[in-house]
$ cat protein-v3.cif   # mmCIF, C-alpha atoms
data_my_file
#
loop_
_atom_site.label_atom_id
_atom_site.label_comp_id
_atom_site.auth_asym_id
_atom_site.auth_seq_id
_atom_site.Cartn_x
_atom_site.Cartn_y
_atom_site.Cartn_z
CA MET O 1 0.00 0.00 0.00
CA SER O 2 1.47 3.37 -1.00
CA ARG O 3 1.53 6.34 1.33
CA PRO O 4 -0.02 9.64 0.27
CA THR O 5 2.45 12.23 -0.96
CA ARG O 6 3.41 14.72 1.72
CA LYS O 7 2.29 18.32 1.17
CA ASP O 8 5.85 19.60 1.38
CA ALA O 9 6.93 17.08 -1.28
CA VAL O 10 4.18 18.30 -3.63
CA HIS O 11 5.20 21.91 -2.93
CA ASN O 12 8.90 21.14 -3.45
CA ARG O 13 8.26 19.39 -6.77
CA ALA O 14 6.18 22.32 -8.02
CA ALA O 15 8.86 24.78 -6.89
CA LEU O 16 11.57 22.72 -8.60
CA LEU O 17 9.61 22.58 -11.86
CA LYS O 18 9.00 26.33 -11.79
CA ALA O 19 12.64 27.06 -11.01
CA ALA O 20 13.87 24.60 -13.63
CA ARG O 21 11.62 26.14 -16.29
CA GLU O 22 13.05 29.59 -15.52
CA VAL O 23 16.69 28.54 -15.15
CA LEU O 24 16.72 26.28 -18.20
CA SER O 25 15.09 29.07 -20.21
CA GLU O 26 17.71 31.57 -19.04
CA HIS O 27 20.83 29.38 -19.11
CA GLY O 28 20.02 26.44 -21.37
CA LEU O 29 20.10 22.72 -20.70
CA ASP O 30 23.59 22.92 -19.18
CA ALA O 31 22.44 25.24 -16.38
CA PRO O 32 23.85 24.34 -12.97
CA LEU O 33 21.46 22.12 -11.04
CA GLU O 34 22.53 23.90 -7.86
CA LEU O 35 21.02 27.09 -9.28
CA ILE O 36 17.69 25.31 -9.85
CA ALA O 37 17.65 23.94 -6.30
CA GLU O 38 18.65 27.34 -4.87
CA ARG O 39 15.95 29.18 -6.81
CA ALA O 40 13.37 26.59 -5.70
CA GLY O 41 14.43 27.12 -2.09
CA VAL O 42 15.45 23.50 -1.55
CA GLY O 43 18.67 21.56 -1.19
CA ARG O 44 20.32 19.58 -3.95
CA GLY O 45 19.29 16.33 -2.20
CA THR O 46 15.64 17.32 -2.53
CA LEU O 47 16.15 17.97 -6.24
CA TYR O 48 17.62 14.47 -6.68
CA ARG O 49 14.83 12.84 -4.65
CA HIS O 50 12.39 14.20 -7.21
CA PHE O 51 14.49 13.91 -10.37
CA ALA O 52 17.28 11.37 -10.87
CA ASP O 53 19.19 13.48 -13.38
CA ARG O 54 19.14 16.54 -15.64
CA THR O 55 17.31 14.73 -18.44
CA GLU O 56 14.52 13.54 -16.14
CA LEU O 57 14.13 17.09 -14.80
CA ALA O 58 14.03 18.58 -18.30
CA LEU O 59 11.45 16.00 -19.42
CA ALA O 60 9.32 16.83 -16.38
CA VAL O 61 9.48 20.53 -17.32
CA LEU O 62 8.35 19.70 -20.86
CA ILE O 63 5.49 17.51 -19.62
CA ASP O 64 4.47 20.25 -17.21
CA GLY O 65 4.41 22.68 -20.15
CA VAL O 66 2.17 20.34 -22.15
CA ASP O 67 -0.10 19.90 -19.10
CA ASP O 68 -0.42 23.69 -18.89
CA LEU O 69 -1.15 23.94 -22.63
CA ASP O 70 -3.79 21.23 -22.27
CA ALA O 71 -5.50 23.10 -19.40
CA ARG O 72 -5.45 26.40 -21.31
CA THR O 73 -6.80 24.65 -24.43
CA ARG O 74 -9.68 23.09 -22.49
CA ALA O 75 -10.48 26.49 -20.98
CA ARG O 76 -11.03 27.86 -24.49
CA GLY O 77 -14.04 25.60 -24.98
CA ASP O 78 -15.29 23.53 -27.90
CA ASP O 79 -14.75 25.99 -30.75
CA PRO O 80 -13.26 24.00 -33.66
CA GLN O 81 -10.82 26.88 -34.35
CA VAL O 82 -9.14 26.10 -31.01
CA PHE O 83 -6.99 23.51 -32.77
CA PHE O 84 -5.19 26.25 -34.70
CA TRP O 85 -4.69 28.19 -31.46
CA PHE O 86 -3.35 24.97 -29.91
CA VAL O 87 -0.78 24.58 -32.72
CA GLU O 88 0.30 28.23 -32.32
CA GLU O 89 0.69 27.78 -28.56
CA LEU O 90 2.54 24.49 -29.09
CA ALA O 91 4.92 26.35 -31.41
CA ASP O 92 5.52 28.93 -28.67
CA LEU O 93 6.12 26.17 -26.13
CA VAL O 94 8.61 24.47 -28.43
CA MET O 95 10.38 27.76 -29.17
CA ARG O 96 10.62 28.68 -25.48
CA ASN O 97 12.07 25.23 -24.83
CA ALA O 98 14.46 25.10 -27.76
CA GLY O 99 16.45 22.51 -25.79
CA TRP O 100 13.80 19.86 -26.56
CA SER O 101 15.96 18.32 -29.23
CA ASP O 102 18.92 18.16 -26.84
CA VAL O 103 16.76 16.51 -24.17
CA LEU O 104 15.37 13.99 -26.61
CA ARG O 105 18.82 13.09 -27.93
CA ASN O 106 20.15 12.58 -24.38
CA VAL O 107 17.40 10.19 -23.29
CA ARG O 108 18.95 6.79 -22.68
CA SER O 109 15.71 4.81 -22.84
CA PRO O 110 13.08 5.44 -25.50
CA ASP O 111 10.47 4.49 -22.87
CA ALA O 112 11.40 7.65 -20.94
CA LEU O 113 9.77 9.69 -23.72
CA THR O 114 6.47 7.82 -23.52
CA PRO O 115 4.83 10.16 -20.96
CA LEU O 116 5.73 13.25 -23.02
CA ARG O 117 4.51 11.66 -26.23
CA GLN O 118 1.31 10.52 -24.55
CA ARG O 119 0.58 13.96 -23.09
CA LEU O 120 1.11 15.62 -26.49
CA MET O 121 -1.34 13.21 -28.11
CA GLU O 122 -3.91 13.59 -25.30
CA ALA O 123 -3.68 17.39 -25.32
CA GLY O 124 -4.16 17.65 -29.07
CA ALA O 125 -6.68 14.85 -29.68
CA GLY O 126 -9.84 16.72 -28.66
CA PRO O 127 -9.11 19.98 -30.49
CA LEU O 128 -8.03 18.00 -33.56
CA ALA O 129 -11.23 15.94 -33.59
CA ARG O 130 -13.42 19.05 -33.26
CA ALA O 131 -11.57 20.80 -36.10
CA GLN O 132 -11.92 17.72 -38.28
CA ALA O 133 -15.64 17.40 -37.51
CA ALA O 134 -16.08 21.03 -38.61
CA GLY O 135 -14.19 20.33 -41.84
CA LEU O 136 -11.35 22.69 -40.94
CA VAL O 137 -8.59 20.10 -40.76
CA ARG O 138 -7.66 17.17 -42.96
CA LYS O 139 -9.44 13.93 -42.04
CA ASP O 140 -6.31 11.78 -42.42
CA LEU O 141 -4.65 13.25 -39.32
CA GLY O 142 -4.67 11.54 -35.95
CA PRO O 143 -3.41 12.17 -32.42
CA MET O 144 -0.04 10.61 -33.33
CA ASP O 145 0.38 13.44 -35.83
CA VAL O 146 0.36 15.95 -32.95
CA ARG O 147 3.75 14.47 -31.98
CA LEU O 148 4.99 14.95 -35.54
CA ILE O 149 3.69 18.53 -35.56
CA ALA O 150 5.64 19.25 -32.34
CA THR O 151 8.77 17.77 -33.93
CA LEU O 152 8.35 19.87 -37.07
CA LEU O 153 7.74 23.01 -35.02
CA GLY O 154 10.98 22.39 -33.12
CA SER O 155 13.22 21.68 -36.07
CA GLY O 156 15.83 24.17 -37.18
CA PHE O 157 16.62 25.55 -33.72
CA GLN O 158 20.02 23.86 -33.27
CA GLY O 159 22.55 26.59 -32.58
CA ALA O 160 20.10 29.36 -33.46
CA ASP O 161 19.93 32.59 -31.50
CA GLU O 162 16.63 34.09 -30.28
CA ALA O 163 15.96 36.12 -33.45
CA GLU O 164 16.68 33.19 -35.74
CA ARG O 165 14.49 30.86 -33.60
CA ARG O 166 11.62 33.35 -33.91
CA ALA O 167 12.04 33.58 -37.70
CA VAL O 168 12.29 29.79 -38.13
CA SER O 169 9.30 29.28 -35.83
CA ALA O 170 7.16 31.78 -37.74
CA ARG O 171 7.95 30.17 -41.10
CA THR O 172 7.46 26.63 -39.79
CA ARG O 173 4.09 27.60 -38.29
CA LEU O 174 2.88 28.91 -41.65
CA ILE O 175 3.94 25.73 -43.43
CA VAL O 176 2.47 23.42 -40.79
CA LEU O 177 -0.81 25.32 -40.45
CA TYR O 178 -1.27 25.39 -44.24
CA GLY O 179 -0.58 21.66 -44.44
CA LEU O 180 -3.17 20.87 -41.75
CA ARG O 181 -6.10 22.57 -43.46
CA SER O 182 -8.62 20.49 -45.35
CA ARG O 183 -8.77 21.04 -49.08
#
$ encode --input "protein-v3.cif" --output "structure tokens"
Amino acid sequence: MSRPTRKDAVHNRAALLKAAREVLSEHGLDAPLELIAERAGVGRGTLYRHFADRTELALAVLIDGVDDLDARTRARGDDPQVFFWFVEELADLVMRNAGWSDVLRNVRSPDALTPLRQRLMEAGAGPLARAQAAGLVRKDLGPMDVRLIATLLGSGFQGADEAERRAVSARTRLIVLYGLRSR
């Protein structure tokens, strides 16, 4: 029988995720883990009790970002146009976390990516289905394609500075959004 999670553990995990999101955004994937723990107001041991290594922490930050996107998408209601908003917001999420490709390349076990992949598909499935039912989006797309869309939106960021990432993101969004529309 498992024990309920302590309130301080829940608080510490949330603080670590928030701090990691900020620090990784400011300093990149190689940011000192001590800085993340310090900003979260916890010790390094607490960080390692929640996340075994840098890659696990970064994946948790990405999943947390998808969870947030999912909640914001649901809050927008059942309008079929929400799918296009979802793709735009996904593009912003990917651009803000340009280290996704580094994280994904550093994962030792492909199974470690399953929760992220699953969350992407779950978050996009409803908006995609509503857009398809309204005839706005191609019928041959499925939830697995949301993963592909995220990959496409994140391509071309390797070694790019902020201005170049914004330009690449804007162009990729146009191409992806055009390709999604029904004909």
$ residues_around --input "protein-v3.cif" --residues "Glu34 of chain O" --least-positions-apart "3" --cutoff "9 Å" --atoms "all atoms listed in the file" --output "list in words"
Ala31, Ala37, Glu38, Arg39, Gly43, Arg44 and Leu47 of chain O
$ write_last_selection --input "protein-v3.cif" --atoms "C-alpha atoms" --output "compact mmCIF listing (two decimals), in the coordinates of the input"
# COMPACT_ATOMS: atom_id res chain seq x y z
CA ALA O 31 22.44 25.24 -16.38
CA ALA O 37 17.65 23.94 -6.30
CA GLU O 38 18.65 27.34 -4.87
CA ARG O 39 15.95 29.18 -6.81
CA GLY O 43 18.67 21.56 -1.19
CA ARG O 44 20.32 19.58 -3.95
CA LEU O 47 16.15 17.97 -6.24
$ residues_around --input "protein-v3.cif" --residues "Ala129 of chain O" --least-positions-apart "2" --cutoff "9 Å" --atoms "all atoms listed in the file" --output "PyMOL selection string"
chain O and resi 80+83+124-127+131-134+137+139+142-143
$ atom_distance --input "protein-v3.cif" --atom1 "atom CA of Ile36 of chain O" --atom2 "atom CA of Val23 of chain O"
6.3 Å
$ resolve_selection --input "protein-v3.cif" --expression "the PyMOL selection byres ((chain O and resi 16) around 12)" --output "ChimeraX atom specification"
/O:8-15,17-24,33-51,57-58,60-61,64
$ residues_around --input "protein-v3.cif" --residues "Leu141 of chain O" --least-positions-apart "5" --cutoff "9 Å" --atoms "only C-alpha atoms" --output "list in words"
Leu128, Gln132, Val146 and Leu180 of chain O
$ residues_around --input "protein-v3.cif" --residues "segment 159-167 of chain O" --least-positions-apart "2" --cutoff "12 Å" --atoms "only C-alpha atoms" --output "list in words"
Ser25, Glu26, Gly28, Ala91, Asp92, Leu93, Val94, Met95, Arg96, Asn97, Ala98, Gly99, Ser101, Asp102, Leu153, Gly154, Ser155, Gly156, Phe157, Ser169, Ala170, Arg171, Thr172, Arg173 and Leu174 of chain O
$ closest_residue --input "protein-v3.cif" --among "O:Arg108, O:Arg6, O:Arg119, O:His27" --to "Ile63 of chain O" --atoms "only C-alpha atoms"
O:Arg119
$ atom_distance --input "protein-v3.cif" --atom1 "atom CA of Gly179 of chain O" --atom2 "atom CA of Pro110 of chain O"
28.4 Å
$ closest_residue --input "protein-v3.cif" --among "O:Asp145, O:Asp68, O:Asp78, O:Glu56" --to "Leu113 of chain O" --atoms "all atoms listed in the file"
O:Glu56
$ atom_distance --input "protein-v3.cif" --atom1 "atom CA of Val107 of chain O" --atom2 "atom CA of Glu89 of chain O"
24.8 Å
$ closest_residue --input "protein-v3.cif" --among "O:Ala123, O:Thr55, O:Gly135, O:Arg130" --to "Arg147 of chain O" --atoms "only C-alpha atoms"
O:Ala123
$ closest_residue --input "protein-v3.cif" --among "O:Glu88, O:Arg138, O:Thr73, O:Val66" --to "Met121 of chain O" --atoms "all atoms listed in the file"
O:Val66
$ closest_residue --input "protein-v3.cif" --among "O:Ala112, O:Ala150, O:Leu29, O:Ile175" --to "Val87 of chain O" --atoms "only C-alpha atoms"
O:Ala150
$ axis_aligned_box --input "protein-v3.cif" --around "segment 155-173 of chain O" --padding-each-side "8 Å" --output "AutoDock Vina command-line options"
--center_x 13.3 --center_y 28.9 --center_z -35.7 --size_x 34.5 --size_y 30.4 --size_z 26.8
$ closest_residue --input "protein-v3.cif" --among "O:Ala71, O:Leu116, O:Val168, O:Ile149" --to "Phe84 of chain O" --atoms "only C-alpha atoms"
O:Ile149
$ decode --input "protein-v3.cif" --residues "segment 18-50 of chain O" --atoms "N, CA and C atoms" --output "CSV table (one decimal), in the first residue's frame"
chain,number,residue,atom,x,y,z
O,18,LYS,N,9.0,24.9,-11.5
O,18,LYS,CA,9.0,26.3,-11.8
O,18,LYS,C,10.4,26.9,-11.9
O,19,ALA,N,11.3,26.6,-11.0
O,19,ALA,CA,12.6,27.1,-11.0
O,19,ALA,C,13.4,26.5,-12.2
O,20,ALA,N,13.2,25.2,-12.5
O,20,ALA,CA,13.9,24.6,-13.6
O,20,ALA,C,13.4,25.2,-14.9
O,21,ARG,N,12.1,25.5,-15.1
O,21,ARG,CA,11.6,26.1,-16.3
O,21,ARG,C,12.3,27.5,-16.5
O,22,GLU,N,12.4,28.3,-15.4
O,22,GLU,CA,13.1,29.6,-15.5
O,22,GLU,C,14.5,29.5,-15.8
O,23,VAL,N,15.2,28.7,-15.0
O,23,VAL,CA,16.7,28.5,-15.1
O,23,VAL,C,17.1,27.9,-16.5
O,24,LEU,N,16.4,26.9,-16.9
O,24,LEU,CA,16.7,26.3,-18.2
O,24,LEU,C,16.4,27.2,-19.3
O,25,SER,N,15.4,28.1,-19.2
O,25,SER,CA,15.1,29.1,-20.2
O,25,SER,C,16.2,30.1,-20.3
O,26,GLU,N,16.7,30.5,-19.1
O,26,GLU,CA,17.7,31.6,-19.0
O,26,GLU,C,19.1,31.1,-19.4
O,27,HIS,N,19.4,29.9,-19.0
O,27,HIS,CA,20.8,29.4,-19.1
O,27,HIS,C,21.0,28.2,-20.0
O,28,GLY,N,19.9,27.6,-20.5
O,28,GLY,CA,20.0,26.4,-21.4
O,28,GLY,C,20.1,25.1,-20.6
O,29,LEU,N,20.2,24.0,-21.3
O,29,LEU,CA,20.1,22.7,-20.7
O,29,LEU,C,21.3,22.4,-19.8
O,30,ASP,N,22.4,23.1,-20.0
O,30,ASP,CA,23.6,22.9,-19.2
O,30,ASP,C,23.6,23.8,-17.9
O,31,ALA,N,22.5,24.4,-17.6
O,31,ALA,CA,22.4,25.2,-16.4
O,31,ALA,C,22.8,24.4,-15.1
O,32,PRO,N,23.5,25.1,-14.2
O,32,PRO,CA,23.9,24.3,-13.0
O,32,PRO,C,22.6,23.9,-12.2
O,33,LEU,N,22.6,22.6,-11.8
O,33,LEU,CA,21.5,22.1,-11.0
O,33,LEU,C,21.4,22.8,-9.7
O,34,GLU,N,22.5,23.2,-9.1
O,34,GLU,CA,22.5,23.9,-7.9
O,34,GLU,C,21.7,25.2,-7.9
O,35,LEU,N,21.8,25.9,-9.1
O,35,LEU,CA,21.0,27.1,-9.3
O,35,LEU,C,19.5,26.8,-9.2
O,36,ILE,N,19.1,25.7,-9.8
O,36,ILE,CA,17.7,25.3,-9.8
O,36,ILE,C,17.2,25.0,-8.4
O,37,ALA,N,18.0,24.3,-7.7
O,37,ALA,CA,17.7,23.9,-6.3
O,37,ALA,C,17.6,25.2,-5.5
O,38,GLU,N,18.6,26.1,-5.6
O,38,GLU,CA,18.6,27.3,-4.9
O,38,GLU,C,17.4,28.2,-5.2
O,39,ARG,N,17.1,28.3,-6.4
O,39,ARG,CA,15.9,29.2,-6.8
O,39,ARG,C,14.6,28.6,-6.3
O,40,ALA,N,14.6,27.3,-6.2
O,40,ALA,CA,13.4,26.6,-5.7
O,40,ALA,C,13.3,26.6,-4.2
O,41,GLY,N,14.4,27.0,-3.5
O,41,GLY,CA,14.4,27.1,-2.1
O,41,GLY,C,14.6,25.8,-1.4
O,42,VAL,N,15.2,24.8,-2.1
O,42,VAL,CA,15.5,23.5,-1.6
O,42,VAL,C,16.9,23.1,-1.7
O,43,GLY,N,17.3,22.1,-1.0
O,43,GLY,CA,18.7,21.6,-1.2
O,43,GLY,C,18.8,20.7,-2.4
O,44,ARG,N,20.1,20.4,-2.8
O,44,ARG,CA,20.3,19.6,-3.9
O,44,ARG,C,19.8,18.2,-3.7
O,45,GLY,N,19.8,17.7,-2.5
O,45,GLY,CA,19.3,16.3,-2.2
O,45,GLY,C,17.8,16.2,-2.5
O,46,THR,N,17.1,17.3,-2.2
O,46,THR,CA,15.6,17.3,-2.5
O,46,THR,C,15.4,17.3,-4.0
O,47,LEU,N,16.2,18.0,-4.8
O,47,LEU,CA,16.1,18.0,-6.2
O,47,LEU,C,16.3,16.5,-6.7
O,48,TYR,N,17.4,15.8,-6.2
O,48,TYR,CA,17.6,14.5,-6.7
O,48,TYR,C,16.6,13.5,-6.2
O,49,ARG,N,15.9,13.7,-5.1
O,49,ARG,CA,14.8,12.8,-4.6
O,49,ARG,C,13.7,12.9,-5.6
O,50,HIS,N,13.5,14.0,-6.2
O,50,HIS,CA,12.4,14.2,-7.2
O,50,HIS,C,12.8,13.8,-8.6
